[in-house]
Amino acid sequence: MRIWPSGGAGGAEPSRLGRAGPRTPTGRAVGHGEQRGQRHRRPRGQASSPPMAQVPGEVDNMEGLPAPNNNNLSARWDSPDRGWEREQPAASTAAASLFECSRIKALADEREAVQKKTFTKWVNSHLARVGCHIGDLYTDLRDGFVLTRLLEVLSGEQLPRPTRGRMRIHSLENVDKALQFLKEQRVHLENVGSHDIVDGNHRLTLGLVWTIILRFQIQVIKIETEDNRETRSAKDALLLWCQMKTAGYPEVNIQNFTTSWRDGLAFNALIHRHRPDLVDFSKLTKSNANYNLQRAFRTAEQHLGLARLLDPEDVNMEAPDEKSIITYVVSFYHYFSKMKALAVEGKRIGKVLDQVLEVGKIIERYEELATELLAWIHRTVGLISNQKFANSLSGVQQQLQAFTAYCTLEKPVKFQEKGNLEVLLFSIQSKLRACNRRLYVPREGCGIWDIDKAWGQLEKAEHEREAALRAELIRQEKLELLAQRFDHKVAMRESWLNENQRLVSQDNFGYELPAVEAAMKKHEAIEADIAAYEERVQGVAELAQALATEGYYDARRVAAQRDSVLRQWALLTGLVGARRTRLEQNLALQKVFQEMVYMVDWMEEMQAQLLSRECGQHLVEAEDLLQKHGLLEGDIAAQSERVEALNAAALRFSQLQGYQPCDPQVICNRVNHVHGCLAELQEQAARRRAELEASRSLWALLQELEEAESWARDKERLLEAAGGGGAAGATGAAGGAHDLSSTARLLAQHKILQGELGGRRALLQQALRRGEELAAAGGAVGPGAETVHLAGLAERAASARRRWQRLEEAAARRERRLQEARALHQFGADLDGLLDWLRDAYRLAAAGDFGHDEASSRRLARQHRALTGEVEAHRGPVGGLRRQLATLGGASGAGPLVVALQVRVVEAEQLFAEVTEVAALRRQWLRDALAVYRMFGEVHACELWIGEKEQWLLAMRVPNSLDDVEVVQHRFESLDQEMNSLMGRVLDVNHTVQELVEGGHPSSDEVRSCQDHLNSRWNRIVELVEQRKEEVSAVLLVENHVLEVAEVRTQVREKRRAVESAPRAGGALQWRLSGLEAALQALEPRQAALLEEAALLAVRFPAQAARLHQGAEELGAEWGALASAAQACGEAVAAAGRLQRFLHDLDAFLDWLVRAQETAGGGEGPLPRSLEEADALLARHAALKEEVDQREEDYARIVAASEALLAGDGAELGPGLALDEWLPHLELGWHKLLGLWEARREALVQAHVYQLFLRDLRQARAVLRNQEMALSGQELPGTVESVEEALKRHRDFLTTMELNQQKMQLAVQAAEGLLRQGNAYGEQAQEAVTRLLEKSQENQLRAHQWMQKLHDQLGLQHFLRDCHELDGWIHEKMLMARDGTREDGHKLHKRWLRHQAFMAELAQNKEWLEKIEREGQQLMQEKPELAASVRKKLGEIRQCWAELESTTQAKARQLFEASKADQLVQSFAELDKKLLHMESQLQDVDPGGDLATVNSQLKKLQSMESQVEEWYREVGELQAQTAALPLEPASKELVGERQNAVGERLVRLLEPLQERRRLLLASKELHQVAHDLEDELAWVQERLPLAMQTERGSGLQAVQQYIKKNQGLRREIQAHGPRLEEVLERAGALASLRSPEAEAVRRGQEQLQGAWAGLREAAERRQQVLDAAFQVEQYYFDVAEVEAWLGEQELLMMSEDKGKDEQSTLQLLKKHLQLEQGVENYEESIAQLSRQCRALLEMGHPDSEQISRRQSQVDRLYVALKELGEERRVGLEQQYWLYQLSRQVDELEHWIAEKEVVAGSPELGQDFEHVTVLQEKFSEFASETGTAGRERLAAVNQMVDELIECGHTAAATMAEWKDGLNEAWAELLELMGTRAQLLAASRELHKFFSDARELQGQIEEKRRRLPRLTTPPEPRPSASSMQRTLRAFEHDLQLLVSQVRQLQEGAAQLRTVYAGEHAEAIASREQEVLQGWKELLAACEDARLHVSSTADALRFHNQARDLLSWMDGIAGQIGAADKPRILVP
């Protein structure tokens, strides 16, 4: 019995474990390494162990552990001080190990659950991109769909499309695709197959997901170390990244991916490093791990968008799962690696906010633009959806132009806006995705999909409007398609032919297969185009012929052009054919070259496989490799033929005459290269085969030698065990050859052995020769083979030879003995056969049966003649028996067998003589009886049998005893068989009588009366038999039930007695209880069945009800007693089990308590000296506490069990258990353990807290040292830029100091906490903190002082820089001011102007000086120490500025005085010259002779007036300057004279200018009106011929052109009307004047008015004439278009193509239906044309007759087209039905052929079960096949019949298909029937053998029971019990009688069916069963006699004992001492 500790797992099967330990009651896991004292801790940086490992092997052997020694408990507690130190027993150690393994398995399951949850979330986080989700990682990855989508998302590549379907094969295929993709990505998959994932293998599924994470998430990580000396990747890089990012964070020390993340600080540190606004790290504590983890995970999910892969309980454990944490940390890495690291955290936050605001603005802009665009779309859709068009051509054209303008101008802009919106949305999503934020979802109605939908509606409306506009325009215009068709077509055809001739004359095929294939496709397209163009060329010829027929005047030119086109067409077809030939040669050559490339690639792959050096490590592997190599060689041989064919094909191209597609040398080079590669590959294949064959020879030799020696050894043992096969003669060797069959069998076996010897001998000789060859060669063969030494090989060969020689000698001896025995036994068998035959012959010859009718008599006569012939044939063999026996007896010697054979020879001779005599007599008797027997013999025999059976049935009385009833029942069974046989004879008699009566036999009445009598007797005997059988059956049922009830009651009573008498020992009692339970389970159904059967029999046979109820009650009582005994036994066993479990639990608990006290008492060493050691000790101590908590339930349970045992009667405890003494010690040990643990925990906690403080203190000291080094040795910079850079660095330094101040505060708080807690290290911590604070304050003071110095230096440097810049500017201006260069007078003014600008600049920069002075004063006030240098610099600048000002003012005065007077005089002189020139121009007055001259004069006058005004302003300015200047008198007088002259001349110019303007304007008006009248008159005269022309055009297009021109003319006239009216009005105003010029204007006015009126009237008349012509031409055009369309449709309808298959026919039918629908839809166009015709006829048009004729022709064409369409549709439908029927027939024939393969299977089963399964399957197959076949056949037949009835053209073919299909179906049914008969016959045969085996087994079982019946186990059995048992046994035998009889009948029936081996097997098996049955009956008879004699003896003994007892009693009474008393009266 397996013993488990409490709380452990329920099984000890091997598990795969990680490094985790058992689970605590709170669900936290204890590390496996901590349980073992961390002896197996993994080094830092080492990769984690695999997630699964094998459980130690000793766990599987726990069943063999010894039971705990409970007797040592008291001794252990006697000395408690030393008992805990003793070595624990082996059982306790094993139990602890088992408990540990169970806890490890529990943790492994937990870890697997964590991994599953993490990996599931990780997969969902990536599948969310494609809208997928999984619920269960194991089940959802099975079908391969999700796995494929995951790999596509991770890799960004497109995987093969998964196979649809839910079967296992589909899932395997999909998973294979995913795994193949991983292999292509160079991902190594160890022991992972597709079936593992499909079967949901947990470990391998997790391993596969982890491999994917490694490949696509972790493998890409590469990090350089801080010193840039090393680059790490994958997991190490991730660890390094985490360490770098968390460096400097207190209490964060990442050394692995397990325990370092347990407290949650590492996760928060990573987030805080990149996003300090999300986490307040200073508020996090190491002790609150769950809060830290929860906060980090929630922050990452909500703010970073990272999927929450872990939960706090998954990490806050002693040994978290490494892979899960790595998976989660990788998501942090990938997220943070996408962010740009900024130097200042505030800038990063600002940038993020700016991005958010920017994205918000972009979103607002997007929504605004989207709303505007949607509004425009809806508005535009509403506008263009209006289908109301102008009812004129111009209006429609204007609308179409407007629509075109909208499509080309307005819509592209909006389309661009739409594209910009998409780009804008993509930009928004990109920005959000870059920030790892949730993607923006536009509000309802503003999405891109909404815009696309609205845009689609817009495009739909556009399409509808454009189609409507086009239709309307076509309806209005009707383009000129028929005018000048011939010339236009000829020009097009000639151009096309010339172009194609040029195209096909080029041979630019290319030099690669794709290029040539493309050229071939292009050429095919050209050919198709040319072939399609042939109809157009023929159309030109037809059109030319039509023109010639109509008598066209230029028919010769048309014919010449036609002939030219046809000649060019013939030339083009010839060029195309020649080019195709050349192209095909090129294509074939390139295909050969491509095949050569494929061959070379394939041969390179084969060479790589042939270079393998693996030759196998054993024979199977070597043969497997050789077989694979054979396949490779087969491939090489097959491909070599292909290579030769390719080479031959390529060389043929090099031998072409004329055009060659390639250089022959290139072809030869490629052929040689391929041939060389093939030769090299064949050479490598030959070498590889030699190596593999050598290896196989070696291993085959070793195996053959071993097999030969082993086989010889086995056969030698068999021969020795057999001991030969001699006869039972003088030799005395039995050897198993007791008769001929056994001797023949042994001899056949020996021959087989000799055959095997012969075959093995040759093999052994070959093996020995190969061994000698190998030994001669020496060494090993082939690489990798085992070394075979020469001595060992020779020894193996010698041993095999010796063993083989001994085997051959033994075989020869055995063969001689078997030959001798076979000869004697064969002679005896032949003699026995001869005797049997003689006896049979004697019996036949002496038989009294001479036949019961004529036929039987004749048959007997023939048989007797055959018997006589056989007797004569045996005369010679009988005479030679003595000689043959003498020969055999001399060889074997005289023995009992020889003597017996001699006696039998004499017997045979005598019997032969008797047979000869009797045969002669019988021959005479048969001749006499042949004429006697007739039909009445048969009738008489039947009546005799019936009379006999009637007498027996009437006289029979149903017995009451079971034995007699069974005998009667068996007689009835034999009677049934006889009646069945007789019934056949009666039927034969009736048939014979009927034939005689029908044939008119003379004795018909007598025959009929005999028939009636026989039939009546037969009916009576049948009724009587049925009645008797029912009576016998009733009695048999009751007796059998009573007997069975008695047997069951006896068995129940024996079981109860056995249980009650069983000892109360635990093992024996439990064994007895197990046996009893098994017996009860077997007897209970039988007991219930008997009770139910008793109730049924009581109802059926009321007379036996009391007897039946009594037996049932007795059986129920015995059963209840047995159940009570079993319950008592079970309670005893349960009590013993409880005591045993209690002792085992107590022993295990005591062992654990000893170890726990040792651990809790501090036995593991001193207090820790480092933080890591303190963590480790605390972890181990916490694990111990968890273990103690887990054991608390065990302790309580043990105490409760002890109290329960003490409260009992104590019988269960036994004498050696004193629990009342153990319990106080147990309680004392438990409380001692708790106290030790608390004390040790307090010490470890104090040490751990102090170590944490020391770690923080060391970090703080390092920070202070770094600060001190940074503050020492700094110097003040000397420039503004350097000072600003220093300030920036110092601010960063101060920020770092502020951040590091938190670490100081943590150290201070930790020290204060140590003092408050009373820690032993509190004072030391306080001293260290005091020194630390002093150093920190000193650093802060130095830092602030340095910051102040930098600020002061920055202000000073700014001031000095400004001063330097001003000083430089002053020096530059001083140089300009001191420039004293002397210049000419005309340049003085320019210098004066420049100097004025210079002075203005100086005044503006005065503020600069003032600003510098203010800054200097402020700087001196704030920084007195800088006053001296500042004051000095300010003095220098002031001095320079004053000097510059004085120099500038002096120079200004000089320039002004020198230049002003000269400038005034010069200005007045220049004005005077200009005025004089203008006066001269005004003197020449010319009014102009035409309009152009007048306009020119006006322009000149206008420019003069403008110039005069400008001069007037200039004179005023000069006068003002003169008055303002202090000039000298001479200069002043000169200036005054010039001024007066200029003023007078200016005044004189004003009046001539005004007069000249007036004259020019009047002349301009007159010339303008005259010019306008001339222009308008010319315009009218120009358009008047157009309006008055009479040409209407000869076609629709010409009429439309004229109409367009006339409409344009009318629009132009209308638009020009206002202009002309305005000219006439102006001319009327001038015509009223009286002057010669006015008279000319008046005449022009009148002429223009007349021409204008005539133009308008002519345009209106022209429009009316053109409208009438347009209606007629429009009708002719519509008629021509309709006729052309009808002609095209007619050509399509007349197509003879009906499709090559069902699909093509269906496509043609669909196209034809569409054509018919188009024809139907075209009816409206015909009707519209008819309405136009009627309108024209009503108008009375001159061409009314022609119009009516054309309309009638169109109607006839339309009707004919519809009829033609109907005919083609019927033909296509019939063809489609024919193809459909053909497909169904083919499918059904194929289905029947498949079923015939199944129905014709030769498999008939190997045994009865197999043939039964086959028969059931075939029955199901036949049923399904018959149902489905009949349905499908009926469907096909019905379809054929319907098609034939419809008059299908292929009715004869369909009838043939139908007949063939029906014949195939009939053959299938016949084949199924044959198969069913064969299976039924096979089932009968196998059933016979099965029944024979079962019956033989039952007979053997009965024979084995007989000895127990005759020798019962009871010491003094009763006679009744023995007889009852024997009767029950005989009853069982009676049940076998019918089975034996049925077996005989079955064998007889099967022998009539089977012959040969089956018949022999049937007879053999029947004889075996009958022989066993006879032996059983004989043994049963012996047992009956034995029981009878034993019963008589027992009865005698009982009577004797009773008599002796009675005699003893009488003797005692006689010898009594009492004497008779005398009664005294």
# chains A, B, ... in the order shown; residues from 1 in each chain; ligands from 1
call {"tool": "residues_around", "arguments": {"residues": "Gly1654 in chain A", "least_positions_apart": "4", "cutoff": "8 Å", "atoms": "only C-alpha atoms", "output": "PyMOL selection string"}}
result
chain A and resi 1584+1650+1658
call {"tool": "write_last_selection", "arguments": {"atoms": "N, CA and C atoms", "output": "PDB file, in the first residue's frame"}}
result
ATOM      1  N   LEU A1584     -23.808  87.709 -93.533  1.00  0.00           N
ATOM      2  CA  LEU A1584     -25.020  87.609 -94.335  1.00  0.00           C
ATOM      3  C   LEU A1584     -24.969  86.427 -95.323  1.00  0.00           C
ATOM      4  N   GLY A1650     -30.181  98.807 -92.782  1.00  0.00           N
ATOM      5  CA  GLY A1650     -30.760  97.883 -93.766  1.00  0.00           C
ATOM      6  C   GLY A1650     -30.083  96.532 -93.762  1.00  0.00           C
ATOM      7  N   ALA A1658     -32.818  86.446 -92.659  1.00  0.00           N
ATOM      8  CA  ALA A1658     -32.196  85.300 -93.341  1.00  0.00           C
ATOM      9  C   ALA A1658     -31.819  84.205 -92.345  1.00  0.00           C
TER      10      ALA A1658
END
call {"tool": "residues_around", "arguments": {"residues": "range 1032-1046 of chain A", "least_positions_apart": "3", "cutoff": "9 Å", "atoms": "only C-alpha atoms", "output": "PyMOL selection string"}}
result
chain A and resi 958-962+965-966+968-969+1027-1029+1049-1051+1087+1090-1091+1093-1094+1097+1101+1104+1107-1108+1111-1112+1115+1928+1931
call {"tool": "closest_residue", "arguments": {"among": "A:Ile636, A:Ala1793, A:Val537, A:Met599", "to": "Gln568 in chain A", "atoms": "only C-alpha atoms"}}
result
A:Val537
call {"tool": "residues_around", "arguments": {"residues": "Asp832 in chain A", "least_positions_apart": "4", "cutoff": "10 Å", "atoms": "only C-alpha atoms", "output": "NGL selection string"}}
result
:A and (826-828 or 836-838 or 901 or 904-905 or 908)
call {"tool": "closest_residue", "arguments": {"among": "A:Ile271, A:Ala247, A:Ala375, A:Ile1412", "to": "Ser331 in chain A", "atoms": "only C-alpha atoms"}}
result
A:Ile271
call {"tool": "residues_around", "arguments": {"residues": "Leu1609 in chain A", "least_positions_apart": "2", "cutoff": "8 Å", "atoms": "only C-alpha atoms", "output": "list of chain:residue names"}}
result
A:Arg1583, A:Ala1587, A:Lys1605, A:Asn1606, A:Gln1607, A:Arg1611, A:Glu1612, A:Ile1613, A:Ala1659
call {"tool": "residues_around", "arguments": {"residues": "Gly447 in chain A", "least_positions_apart": "3", "cutoff": "10 Å", "atoms": "only C-alpha atoms", "output": "PyMOL selection string"}}
result
chain A and resi 366-367+370-371+421-422+425+441-444+450-453
call {"tool": "atom_distance", "arguments": {"atom1": "CA of Leu357 in chain A", "atom2": "CA of Asp277 in chain A"}}
result
17.5 Å
call {"tool": "residues_around", "arguments": {"residues": "range 400-413 of chain A", "least_positions_apart": "2", "cutoff": "12 Å", "atoms": "only C-alpha atoms", "output": "NGL selection string"}}
result
:A and (373 or 376-377 or 380-381 or 383-385 or 389-390 or 393-398 or 415-420 or 455 or 458-459 or 461-474)
